[in-house]
Amino acid sequence: MKTRLFALMTLIATLLLPAAPAFSGQTFVLMPGTTVIGASSPVMLHTTTKEDSLVELARHYGIGFNEIEIANPGVDAFVPGENLQIRIPTLWVLPDAPMEGIVINTSEMRLYYFAPAKKGTPVKVSTFPIGIGDEGTETPAGTWKISEKRVNPSWYPPASIRKERPELPGVVPPGPENPLGTHAMRLSKTNFLVHGTHRPFGVGRQVSHGCIRLYPEHIPQLFNMVTIGTKVTIVKQPIKVGVRNKRVYVEIHEDPYIKIPNYLEATNALLQKKGLLKLISTDKLYKAVRKKDGIPFDITRDHKKEGPETPAAPDFWTL
């Protein structure tokens, strides 16, 4: 049933496809002590026309379908209506992982690439939305390296997929029907790939057998950044906490793979672990936990008696 629904959504979304995606992957310069990247505001607003749909807007703005869906609860994904203010996420808290190579957080369906940097120079981080493994064929957590890179790869359907779809040929050559898209990179000692796709509306969804999918316009960018031997870290972090300009942010997602019985307790524990509890507003934290909309929420406690805060100098900018 889930597969049929996705196929129908893909067909409809294809008919709604804009002439060309507007936003590429985004790159930021990360200064020491900063673990939040993006614009000065956590969202931008898009006013809908009668031709718009959330699935096409997600690709247009270079975000995953999951991101735009949870940021706009109750909005019809295909017929949102005219003159509606759609929230487009523009801010991300970095996963709690080494800032090296590729870091993938399946909880938010997003990939981060930390470019090599000389000692004493700022790190550049690029970020892309992704599609991940479906229920029963989850994208695993762990650490690997990029062991192989291919342009215009042929696809050899594994036995598990051919069992589900016996009509598939033994090999699918490069072309518009190849599910790997135009570029693919292998994780060491596995059959898992980071690759493009011929079905771009699977980005921001659980649709694969464990591989990581990027938009067709994003995969060449990442492919050209990454070298053989690049470290790949995959984590499951539905709750992320970060700091920027002395402000504390929390970003909370409903994880597709793991169940968290109490988000408030889990978030409190993470804040305590990072030594940030004394800096936050409990009321703001409650609000962030209730929303769980995947958008970084400023939970910093403001000390009104101390007067207005002096704005800190910007510590990142979009390249």
# chains A, B, ... in the order shown; residues from 1 in each chain; ligands from 1

call {"tool": "residues_around", "arguments": {"residues": "Val172 in chain A", "least_positions_apart": "5", "cutoff": "8 Å", "atoms": "only C-alpha atoms", "output": "NGL selection string"}}
result
:A and (154-157 or 177-178)

call {"tool": "write_last_selection", "arguments": {"atoms": "C-alpha atoms", "output": "PDB file, in the first residue's frame"}}
result
ATOM      1  CA  SER A 154      24.963   0.734 -14.119  1.00  0.00           C
ATOM      2  CA  TRP A 155      22.611  -0.723 -11.524  1.00  0.00           C
ATOM      3  CA  TYR A 156      22.805  -4.405 -10.644  1.00  0.00           C
ATOM      4  CA  PRO A 157      19.631  -5.127  -8.644  1.00  0.00           C
ATOM      5  CA  GLU A 177      15.344   4.697 -15.912  1.00  0.00           C
ATOM      6  CA  ASN A 178      18.393   4.003 -13.752  1.00  0.00           C
TER       7      ASN A 178
END

call {"tool": "select_by_dssp", "arguments": {"residues": "range 237-285 of chain A", "states": "strand (DSSP E or B)", "output": "number ranges by chain"}}
result
A: 239-244, 247-252, 280

call {"tool": "atom_distance", "arguments": {"atom1": "CA of Thr137 in chain A", "atom2": "CA of His209 in chain A"}}
result
4.8 Å

call {"tool": "closest_residue", "arguments": {"among": "A:Glu138, A:Glu100, A:Glu251, A:Glu67", "to": "Lys287 in chain A", "atoms": "only C-alpha atoms"}}
result
A:Glu251

call {"tool": "select_by_dssp", "arguments": {"residues": "range 100-295 of chain A", "states": "helix (DSSP H, G or I)", "output": "PyMOL selection string"}}
result
chain A and resi 159-164+200-202+219-225+263-273+277-279+282-291

call {"tool": "write_last_selection", "arguments": {"atoms": "C-alpha atoms", "output": "compact mmCIF listing (two decimals), in the first residue's frame"}}
result
# COMPACT_ATOMS: atom_id res chain seq x y z
CA ALA A 159 18.78 -10.58 -5.02
CA SER A 160 16.58 -9.07 -2.30
CA ILE A 161 15.13 -6.52 -4.73
CA ARG A 162 14.80 -8.97 -7.62
CA LYS A 163 12.84 -11.24 -5.31
CA GLU A 164 10.34 -8.41 -4.78
CA PRO A 200 13.56 13.06 -7.08
CA PHE A 201 10.42 13.15 -4.97
CA GLY A 202 11.83 10.31 -2.89
CA ILE A 219 24.60 14.57 -6.29
CA PRO A 220 27.13 15.99 -8.82
CA GLN A 221 28.03 18.74 -6.33
CA LEU A 222 28.68 16.29 -3.51
CA PHE A 223 30.40 13.82 -5.84
CA ASN A 224 32.92 16.48 -6.92
CA MET A 225 33.66 17.46 -3.31
CA TYR A 263 11.01 13.98 24.26
CA LEU A 264 11.17 16.47 27.13
CA GLU A 265 13.23 14.16 29.32
CA ALA A 266 15.49 13.23 26.41
CA THR A 267 16.06 16.88 25.47
CA ASN A 268 16.73 17.86 29.09
CA ALA A 269 19.27 15.07 29.40
CA LEU A 270 21.05 16.23 26.25
CA LEU A 271 21.14 19.84 27.43
CA GLN A 272 22.52 18.73 30.79
CA LYS A 273 25.17 16.60 29.10
CA LEU A 277 20.67 23.79 31.11
CA LYS A 278 21.44 26.99 33.03
CA LEU A 279 21.24 29.02 29.82
CA THR A 282 12.01 26.17 30.44
CA ASP A 283 8.94 27.73 28.81
CA LYS A 284 10.73 27.96 25.47
CA LEU A 285 11.91 24.38 25.80
CA TYR A 286 8.36 23.16 26.44
CA LYS A 287 7.19 24.99 23.34
CA ALA A 288 9.96 23.50 21.19
CA VAL A 289 9.16 19.98 22.40
CA ARG A 290 5.46 20.45 21.71
CA LYS A 291 6.14 21.66 18.17

call {"tool": "atom_distance", "arguments": {"atom1": "CA of Gly81 in chain A", "atom2": "CA of Pro42 in chain A"}}
result
23.5 Å

call {"tool": "residues_around", "arguments": {"residues": "Met99 in chain A", "least_positions_apart": "5", "cutoff": "10 Å", "atoms": "only C-alpha atoms", "output": "list in words"}}
result
Leu94, Tyr112, Tyr113, Phe114, Ala115, Pro116, Val123, Lys124, Val125 and Thr233 of chain A

call {"tool": "write_last_selection", "arguments": {"atoms": "C-alpha atoms", "output": "short mmCIF file (atom, residue, chain, number, x, y, z; two decimals), in the first residue's frame"}}
result
data_model
loop_
_atom_site.label_atom_id
_atom_site.label_comp_id
_atom_site.auth_asym_id
_atom_site.auth_seq_id
_atom_site.Cartn_x
_atom_site.Cartn_y
_atom_site.Cartn_z
CA LEU A 94 24.71 20.18 13.25
CA TYR A 112 26.45 17.22 5.94
CA TYR A 113 29.87 17.34 4.30
CA PHE A 114 32.78 18.87 6.19
CA ALA A 115 35.54 19.81 3.76
CA PRO A 116 39.16 19.26 4.84
CA VAL A 123 35.71 24.63 8.25
CA LYS A 124 33.34 24.72 5.29
CA VAL A 125 30.23 22.58 5.66
CA THR A 233 29.43 8.67 9.71
#

call {"tool": "residues_around", "arguments": {"residues": "Thr230 in chain A", "least_positions_apart": "4", "cutoff": "8 Å", "atoms": "only C-alpha atoms", "output": "list in words"}}
result
Gly101, Ile102, Lys145, Ile146 and Val226 of chain A

call {"tool": "closest_residue", "arguments": {"among": "A:Leu168, A:Ile88, A:Ile68, A:Val151", "to": "Thr47 in chain A", "atoms": "only C-alpha atoms"}}
result
A:Ile88

call {"tool": "closest_residue", "arguments": {"among": "A:Val93, A:Ala141, A:Ser281, A:Val207", "to": "Ile258 in chain A", "atoms": "only C-alpha atoms"}}
result
A:Ala141

call {"tool": "residues_around", "arguments": {"residues": "Pro95 in chain A", "least_positions_apart": "3", "cutoff": "9 Å", "atoms": "only C-alpha atoms", "output": "PDB file with N, CA and C atoms, in the first residue's frame"}}
result
ATOM      1  N   THR A  35      27.675  25.631  16.236  1.00  0.00           N
ATOM      2  CA  THR A  35      27.149  24.336  15.804  1.00  0.00           C
ATOM      3  C   THR A  35      25.764  24.478  15.184  1.00  0.00           C
ATOM      4  N   PRO A  98      31.780  13.798  14.852  1.00  0.00           N
ATOM      5  CA  PRO A  98      33.021  14.449  14.422  1.00  0.00           C
ATOM      6  C   PRO A  98      32.802  15.248  13.138  1.00  0.00           C
ATOM      7  N   MET A  99      33.322  16.471  13.097  1.00  0.00           N
ATOM      8  CA  MET A  99      33.169  17.325  11.918  1.00  0.00           C
ATOM      9  C   MET A  99      34.218  16.946  10.895  1.00  0.00           C
ATOM     10  N   VAL A 103      28.691  13.358   7.203  1.00  0.00           N
ATOM     11  CA  VAL A 103      27.898  12.986   8.372  1.00  0.00           C
ATOM     12  C   VAL A 103      26.439  12.958   7.944  1.00  0.00           C
ATOM     13  N   ILE A 104      25.787  11.822   8.140  1.00  0.00           N
ATOM     14  CA  ILE A 104      24.385  11.651   7.753  1.00  0.00           C
ATOM     15  C   ILE A 104      23.559  11.417   9.005  1.00  0.00           C
ATOM     16  N   ASN A 105      22.511  12.196   9.158  1.00  0.00           N
ATOM     17  CA  ASN A 105      21.574  11.996  10.267  1.00  0.00           C
ATOM     18  C   ASN A 105      20.260  11.491   9.681  1.00  0.00           C
ATOM     19  N   TYR A 112      25.531  16.101   5.761  1.00  0.00           N
ATOM     20  CA  TYR A 112      26.451  17.223   5.945  1.00  0.00           C
ATOM     21  C   TYR A 112      27.834  16.782   5.469  1.00  0.00           C
ATOM     22  N   VAL A 235      24.375   8.600  11.733  1.00  0.00           N
ATOM     23  CA  VAL A 235      23.844   8.634  13.098  1.00  0.00           C
ATOM     24  C   VAL A 235      22.322   8.721  13.068  1.00  0.00           C
ATOM     25  N   GLN A 237      19.863  10.818  15.270  1.00  0.00           N
ATOM     26  CA  GLN A 237      19.760  11.854  16.298  1.00  0.00           C
ATOM     27  C   GLN A 237      18.513  12.710  16.067  1.00  0.00           C
ATOM     28  N   ILE A 239      16.993  14.468  18.235  1.00  0.00           N
ATOM     29  CA  ILE A 239      17.105  15.696  19.030  1.00  0.00           C
ATOM     30  C   ILE A 239      18.527  16.222  18.889  1.00  0.00           C
ATOM     31  N   LYS A 240      18.638  17.464  18.449  1.00  0.00           N
ATOM     32  CA  LYS A 240      19.948  18.094  18.307  1.00  0.00           C
ATOM     33  C   LYS A 240      19.950  19.415  19.072  1.00  0.00           C
ATOM     34  N   VAL A 241      21.074  19.699  19.695  1.00  0.00           N
ATOM     35  CA  VAL A 241      21.242  20.942  20.446  1.00  0.00           C
ATOM     36  C   VAL A 241      22.473  21.650  19.907  1.00  0.00           C
ATOM     37  N   GLY A 242      22.349  22.957  19.655  1.00  0.00           N
ATOM     38  CA  GLY A 242      23.469  23.704  19.111  1.00  0.00           C
ATOM     39  C   GLY A 242      23.546  25.115  19.659  1.00  0.00           C
TER      40      GLY A 242
END

call {"tool": "atom_distance", "arguments": {"atom1": "CA of Val29 in chain A", "atom2": "CA of Trp92 in chain A"}}
result
13.4 Å

call {"tool": "closest_residue", "arguments": {"among": "A:Lys246, A:His253, A:Arg110, A:Arg165", "to": "Gly62 in chain A", "atoms": "only C-alpha atoms"}}
result
A:Arg110

call {"tool": "decode", "arguments": {"residues": "range 138-274 of chain A", "atoms": "C-alpha atoms", "output": "PDB file, in the first residue's frame"}}
result
ATOM      1  CA  GLU A 138      16.712   0.793   7.150  1.00  0.00           C
ATOM      2  CA  THR A 139      19.822   2.826   6.464  1.00  0.00           C
ATOM      3  CA  PRO A 140      22.200   1.584   9.183  1.00  0.00           C
ATOM      4  CA  ALA A 141      24.113   3.723  11.655  1.00  0.00           C
ATOM      5  CA  GLY A 142      27.875   3.312  11.714  1.00  0.00           C
ATOM      6  CA  THR A 143      31.167   4.503  10.271  1.00  0.00           C
ATOM      7  CA  TRP A 144      32.541   3.746   6.808  1.00  0.00           C
ATOM      8  CA  LYS A 145      34.693   5.269   4.085  1.00  0.00           C
ATOM      9  CA  ILE A 146      33.942   6.089   0.469  1.00  0.00           C
ATOM     10  CA  SER A 147      35.552   3.175  -1.360  1.00  0.00           C
ATOM     11  CA  GLU A 148      34.349   3.715  -4.931  1.00  0.00           C
ATOM     12  CA  LYS A 149      32.996   6.527  -7.119  1.00  0.00           C
ATOM     13  CA  ARG A 150      31.235   6.124 -10.448  1.00  0.00           C
ATOM     14  CA  VAL A 151      29.754   8.493 -13.010  1.00  0.00           C
ATOM     15  CA  ASN A 152      26.779   7.144 -14.986  1.00  0.00           C
ATOM     16  CA  PRO A 153      26.765   3.870 -13.023  1.00  0.00           C
ATOM     17  CA  SER A 154      24.963   0.734 -14.119  1.00  0.00           C
ATOM     18  CA  TRP A 155      22.611  -0.723 -11.524  1.00  0.00           C
ATOM     19  CA  TYR A 156      22.805  -4.405 -10.644  1.00  0.00           C
ATOM     20  CA  PRO A 157      19.631  -5.127  -8.644  1.00  0.00           C
ATOM     21  CA  PRO A 158      20.546  -7.278  -5.620  1.00  0.00           C
ATOM     22  CA  ALA A 159      18.784 -10.582  -5.016  1.00  0.00           C
ATOM     23  CA  SER A 160      16.575  -9.068  -2.300  1.00  0.00           C
ATOM     24  CA  ILE A 161      15.134  -6.518  -4.727  1.00  0.00           C
ATOM     25  CA  ARG A 162      14.795  -8.970  -7.619  1.00  0.00           C
ATOM     26  CA  LYS A 163      12.837 -11.239  -5.306  1.00  0.00           C
ATOM     27  CA  GLU A 164      10.341  -8.413  -4.782  1.00  0.00           C
ATOM     28  CA  ARG A 165      10.423  -7.384  -8.434  1.00  0.00           C
ATOM     29  CA  PRO A 166      11.236 -10.414 -10.574  1.00  0.00           C
ATOM     30  CA  GLU A 167      10.575  -8.444 -13.760  1.00  0.00           C
ATOM     31  CA  LEU A 168      13.778  -6.457 -13.250  1.00  0.00           C
ATOM     32  CA  PRO A 169      16.697  -7.226 -15.569  1.00  0.00           C
ATOM     33  CA  GLY A 170      20.038  -8.367 -14.224  1.00  0.00           C
ATOM     34  CA  VAL A 171      21.517  -4.958 -15.009  1.00  0.00           C
ATOM     35  CA  VAL A 172      20.004  -1.541 -15.657  1.00  0.00           C
ATOM     36  CA  PRO A 173      22.316   0.566 -17.857  1.00  0.00           C
ATOM     37  CA  PRO A 174      22.898   4.295 -17.350  1.00  0.00           C
ATOM     38  CA  GLY A 175      19.968   6.420 -18.429  1.00  0.00           C
ATOM     39  CA  PRO A 176      16.688   7.990 -17.323  1.00  0.00           C
ATOM     40  CA  GLU A 177      15.344   4.697 -15.912  1.00  0.00           C
ATOM     41  CA  ASN A 178      18.393   4.003 -13.752  1.00  0.00           C
ATOM     42  CA  PRO A 179      17.482   4.508 -10.055  1.00  0.00           C
ATOM     43  CA  LEU A 180      21.091   5.396  -9.185  1.00  0.00           C
ATOM     44  CA  GLY A 181      20.924   8.558 -11.252  1.00  0.00           C
ATOM     45  CA  THR A 182      24.087  10.055 -12.709  1.00  0.00           C
ATOM     46  CA  HIS A 183      26.559   9.512  -9.857  1.00  0.00           C
ATOM     47  CA  ALA A 184      27.125   6.910  -7.143  1.00  0.00           C
ATOM     48  CA  MET A 185      29.584   6.416  -4.266  1.00  0.00           C
ATOM     49  CA  ARG A 186      29.981   3.178  -2.328  1.00  0.00           C
ATOM     50  CA  LEU A 187      30.361   2.816   1.431  1.00  0.00           C
ATOM     51  CA  SER A 188      33.303   0.528   2.199  1.00  0.00           C
ATOM     52  CA  LYS A 189      32.619  -3.216   2.529  1.00  0.00           C
ATOM     53  CA  THR A 190      28.870  -2.769   1.949  1.00  0.00           C
ATOM     54  CA  ASN A 191      26.312  -2.665  -0.843  1.00  0.00           C
ATOM     55  CA  PHE A 192      25.096   0.729   0.364  1.00  0.00           C
ATOM     56  CA  LEU A 193      25.524   3.687  -1.956  1.00  0.00           C
ATOM     57  CA  VAL A 194      25.212   7.447  -1.791  1.00  0.00           C
ATOM     58  CA  HIS A 195      23.689   8.218  -5.172  1.00  0.00           C
ATOM     59  CA  GLY A 196      21.348  10.315  -7.280  1.00  0.00           C
ATOM     60  CA  THR A 197      17.885   9.229  -8.343  1.00  0.00           C
ATOM     61  CA  HIS A 198      15.479   9.174 -11.267  1.00  0.00           C
ATOM     62  CA  ARG A 199      12.646   9.780  -8.788  1.00  0.00           C
ATOM     63  CA  PRO A 200      13.559  13.057  -7.079  1.00  0.00           C
ATOM     64  CA  PHE A 201      10.423  13.152  -4.968  1.00  0.00           C
ATOM     65  CA  GLY A 202      11.831  10.306  -2.890  1.00  0.00           C
ATOM     66  CA  VAL A 203      14.192  12.815  -1.250  1.00  0.00           C
ATOM     67  CA  GLY A 204      12.926  13.435   2.261  1.00  0.00           C
ATOM     68  CA  ARG A 205      11.180  10.057   2.390  1.00  0.00           C
ATOM     69  CA  GLN A 206      11.858   6.455   3.391  1.00  0.00           C
ATOM     70  CA  VAL A 207      11.965   4.860  -0.041  1.00  0.00           C
ATOM     71  CA  SER A 208      15.191   2.899  -0.514  1.00  0.00           C
ATOM     72  CA  HIS A 209      16.588  -0.473   0.505  1.00  0.00           C
ATOM     73  CA  GLY A 210      19.162   1.284   2.686  1.00  0.00           C
ATOM     74  CA  CYS A 211      20.948   3.525   0.193  1.00  0.00           C
ATOM     75  CA  ILE A 212      21.081   7.307   0.507  1.00  0.00           C
ATOM     76  CA  ARG A 213      19.475   9.299  -2.323  1.00  0.00           C
ATOM     77  CA  LEU A 214      20.132  12.903  -3.286  1.00  0.00           C
ATOM     78  CA  TYR A 215      18.354  15.188  -5.733  1.00  0.00           C
ATOM     79  CA  PRO A 216      19.696  14.889  -9.306  1.00  0.00           C
ATOM     80  CA  GLU A 217      21.043  18.450  -9.104  1.00  0.00           C
ATOM     81  CA  HIS A 218      22.750  17.844  -5.728  1.00  0.00           C
ATOM     82  CA  ILE A 219      24.598  14.568  -6.290  1.00  0.00           C
ATOM     83  CA  PRO A 220      27.126  15.994  -8.816  1.00  0.00           C
ATOM     84  CA  GLN A 221      28.030  18.740  -6.328  1.00  0.00           C
ATOM     85  CA  LEU A 222      28.683  16.285  -3.508  1.00  0.00           C
ATOM     86  CA  PHE A 223      30.402  13.823  -5.838  1.00  0.00           C
ATOM     87  CA  ASN A 224      32.916  16.476  -6.917  1.00  0.00           C
ATOM     88  CA  MET A 225      33.657  17.460  -3.307  1.00  0.00           C
ATOM     89  CA  VAL A 226      34.278  13.949  -2.020  1.00  0.00           C
ATOM     90  CA  THR A 227      37.392  11.832  -2.557  1.00  0.00           C
ATOM     91  CA  ILE A 228      38.048   8.119  -2.170  1.00  0.00           C
ATOM     92  CA  GLY A 229      38.721   7.403   1.493  1.00  0.00           C
ATOM     93  CA  THR A 230      36.423  10.139   2.810  1.00  0.00           C
ATOM     94  CA  LYS A 231      34.985   9.170   6.187  1.00  0.00           C
ATOM     95  CA  VAL A 232      31.206   8.575   6.347  1.00  0.00           C
ATOM     96  CA  THR A 233      29.428   8.672   9.710  1.00  0.00           C
ATOM     97  CA  ILE A 234      25.729   7.775   9.907  1.00  0.00           C
ATOM     98  CA  VAL A 235      23.844   8.634  13.098  1.00  0.00           C
ATOM     99  CA  LYS A 236      20.282   8.589  14.423  1.00  0.00           C
ATOM    100  CA  GLN A 237      19.760  11.854  16.298  1.00  0.00           C
ATOM    101  CA  PRO A 238      16.144  13.074  16.422  1.00  0.00           C
ATOM    102  CA  ILE A 239      17.105  15.696  19.030  1.00  0.00           C
ATOM    103  CA  LYS A 240      19.948  18.094  18.307  1.00  0.00           C
ATOM    104  CA  VAL A 241      21.242  20.942  20.446  1.00  0.00           C
ATOM    105  CA  GLY A 242      23.469  23.704  19.111  1.00  0.00           C
ATOM    106  CA  VAL A 243      24.920  27.122  19.859  1.00  0.00           C
ATOM    107  CA  ARG A 244      25.318  30.211  17.694  1.00  0.00           C
ATOM    108  CA  ASN A 245      26.121  33.756  18.819  1.00  0.00           C
ATOM    109  CA  LYS A 246      25.739  32.654  22.465  1.00  0.00           C
ATOM    110  CA  ARG A 247      22.180  31.505  21.749  1.00  0.00           C
ATOM    111  CA  VAL A 248      21.065  27.921  22.426  1.00  0.00           C
ATOM    112  CA  TYR A 249      18.959  26.141  19.814  1.00  0.00           C
ATOM    113  CA  VAL A 250      17.147  22.826  19.890  1.00  0.00           C
ATOM    114  CA  GLU A 251      15.968  20.995  16.770  1.00  0.00           C
ATOM    115  CA  ILE A 252      13.542  18.105  17.276  1.00  0.00           C
ATOM    116  CA  HIS A 253      12.306  15.521  14.767  1.00  0.00           C
ATOM    117  CA  GLU A 254       9.948  12.570  14.917  1.00  0.00           C
ATOM    118  CA  ASP A 255      12.439   9.810  14.172  1.00  0.00           C
ATOM    119  CA  PRO A 256      11.415   7.367  11.424  1.00  0.00           C
ATOM    120  CA  TYR A 257      13.375   4.484  12.965  1.00  0.00           C
ATOM    121  CA  ILE A 258      13.382   4.852  16.751  1.00  0.00           C
ATOM    122  CA  LYS A 259      10.701   5.730  19.274  1.00  0.00           C
ATOM    123  CA  ILE A 260      11.403   8.204  22.053  1.00  0.00           C
ATOM    124  CA  PRO A 261       8.976   7.766  24.978  1.00  0.00           C
ATOM    125  CA  ASN A 262       9.529  11.237  26.428  1.00  0.00           C
ATOM    126  CA  TYR A 263      11.009  13.982  24.262  1.00  0.00           C
ATOM    127  CA  LEU A 264      11.173  16.474  27.128  1.00  0.00           C
ATOM    128  CA  GLU A 265      13.231  14.156  29.325  1.00  0.00           C
ATOM    129  CA  ALA A 266      15.489  13.235  26.415  1.00  0.00           C
ATOM    130  CA  THR A 267      16.058  16.883  25.474  1.00  0.00           C
ATOM    131  CA  ASN A 268      16.732  17.861  29.094  1.00  0.00           C
ATOM    132  CA  ALA A 269      19.268  15.066  29.400  1.00  0.00           C
ATOM    133  CA  LEU A 270      21.053  16.226  26.249  1.00  0.00           C
ATOM    134  CA  LEU A 271      21.140  19.844  27.431  1.00  0.00           C
ATOM    135  CA  GLN A 272      22.518  18.732  30.790  1.00  0.00           C
ATOM    136  CA  LYS A 273      25.166  16.605  29.101  1.00  0.00           C
ATOM    137  CA  LYS A 274      26.317  19.630  27.105  1.00  0.00           C
TER     138      LYS A 274
END
